[in-house]
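Visitor: Below are the structure tokens for one structure; questions will follow.
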Amino acid sequence: MQNRSHTSNLGIYLYAAGAIFLGVLGLASGDFATTWQRVGPSVPLREQLAYLTAFIELAAGLALLWRRTALAGAMALTIVYSVFTLLWVPSAFQNLGNFDPIGNVFEEFSLVAAGLILCAIFSPPGSSLARRRPFFVLLFGICPISFGIVHIVDMPGLLGAIPGWLPPNQMFWAYATTLGFFGAAVAILTGIMAPLASRLLTAEIVIFELLFWIPKVFPAERNHFNWAGNAISIAIAGAAWVVSDSICQAAKQAPVAIESATEIGTAV
């Protein structure tokens with residue numbers, strides 16, 4: 001996959017778009033992405049840190065669009081998203097009966113895992129980082145489990161988020177999407193039907209962005225939370241797409257590797 005062009009890996013563009021969106025939003029508002037980027041009001045130099053973070057996100061997202069700077073961009077985003085993941089960890093342990101902070105940990109961690117995969121993709125072939133790409137895919141595979149649990153815990157809110165006009169009914173799609181997350185996690189972690197499952201997972205997140213987050217922007221254009229939700233949703237969709245591209249490419253390469261090994265054995 002390291003030798004493939006950017007155009008053959010569309011997930012890179014969506015992942016970069018999420019970072020660019022977050023960067024532009026931060027520069028325009030002078031704030032973090034509300035609850036997802038958990039920086040309290042009492043933090044010293046909070047506004048300056050918000051602008052710095054936004055600049056890094058914007059620059060790193062743009063860097064992903066060029067092969068020569070892509071590795072630096074992927075590393076920068078991985079570091080930034082790791083910081084926001086760690087900021088949620090203390091809250092996750094304060095009250096284990098409240099799953100919301102844990103859910104936020106894994107939403108941010110999904111961005112970290114995808115960033116690590118991109119770091120592996122843009123690293124020299126055969127390097128230690130490049131060889132760890134399958135492990136980074138497994139790290140992402142844990143995240144859909146959390147997404148599914150969030151759906152169960154917040155089922156009333158989920159039902160309200162599903163458009164009533166979707167047939168057959170909201171309850172059907174609530175259960176279908178929840179099972180979809182769990183099924184995707186099992187597939188990615190075991191490798192069974194992982195290419196198909198990762199594509200369907202990506203489609204599920206993209207459709208959620210289209211049906212839930214985008215419509216929330218227009219009635220309240222000045223609502224920072226809604227804009228931040230859109231940016232994070234696009235970033236997570238990009239993360240899932242990056243993982244899916246990686247899984248599908250690995251699946252295509254596996255038969256080639258087997259055929260090569262067979263040819264060598266026959267020659268011997």
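For the structure tokens, the naming scheme is as follows: chains receive sequential letters (A, B, ...) according to their order of presentation, residues are indexed from 1 within each chain, and ligands are indexed from 1 in presentation order.
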Taking 4 positions as the minimum chain separation for residues in the same chain, which residues sit within 12 Å of range 48-56 of chain A when counting only C-alpha atoms? Answer as an MDAnalysis selection string.
Guide: chainID A and resid 18:34 37:41 43:44 60:63 72:81 83:84
Visitor: Against range 185-203 of chain A, which residues of range 77-159 of chain A fall within 6 Å? For each one I want the closest pair of atoms and the distance in Å (one decimal), counting only C-alpha atoms, rows by chain and increasing residue number, as CSV.
Guide:
```
residue,atom,partner,partner_atom,distance
A:Leu138,CA,A:Leu189,CA,5.6
A:Gly141,CA,A:Ala185,CA,5.0
A:Pro144,CA,A:Ala185,CA,5.4
A:Ile145,CA,A:Ala185,CA,6.0
```
Visitor: May I ask which of the residues A:Ile121, A:Leu86, A:Gly238, A:Ser233 is the closest one to Ala250 in chain A, counting only C-alpha atoms?
Guide: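 Between A:Ile121, A:Leu86, A:Gly238, A:Ser233, the residue approaching Ala250 in chain A most closely is A:Ile121.
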Visitor: Using only C-alpha atoms, pick whichever of A:Leu71, A:Cys248, A:Val206, A:Ile162 has the shortest atom-to-atom distance to Tyr175 in chain A.
Guide: A:Ile162
Visitor: Skip Pro134 in chain A itself and residues of its chain fewer than 2 positions away, then list as a ChimeraX atom specification all residues within 9 Å of it, counting only C-alpha atoms.
Guide: /A:117,130-132,136-139,246-247,250
Visitor: With distances taken over only C-alpha atoms, which of A:Val150, A:Leu211, A:Val217, A:Leu179 is nearest to Leu166 in chain A?
Guide: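 Smallest distance to Leu166 in chain A is found for A:Leu211.
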Visitor: Quick one, how far is CA of Val105 in chain A from CA of Trp88 in chain A?
Guide: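 According to the coordinates, CA of Val105 in chain A and CA of Trp88 in chain A are separated by 5.6 Å.
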Visitor: Where does DSSP see helix (DSSP H, G or I) in range 77-199 of chain A, if you list the residues as number ranges by chain?
Guide: A: 77-94, 100-122, 128-131, 133-153, 155-161, 170-190, 194-199
Visitor: So, with only C-alpha atoms as the atoms that count, which of A:Ser110, A:Gln253, A:His151, A:Tyr15 lies closest to Leu58 in chain A?
Guide: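 The answer is A:Tyr15, which sits nearest to Leu58 in chain A.
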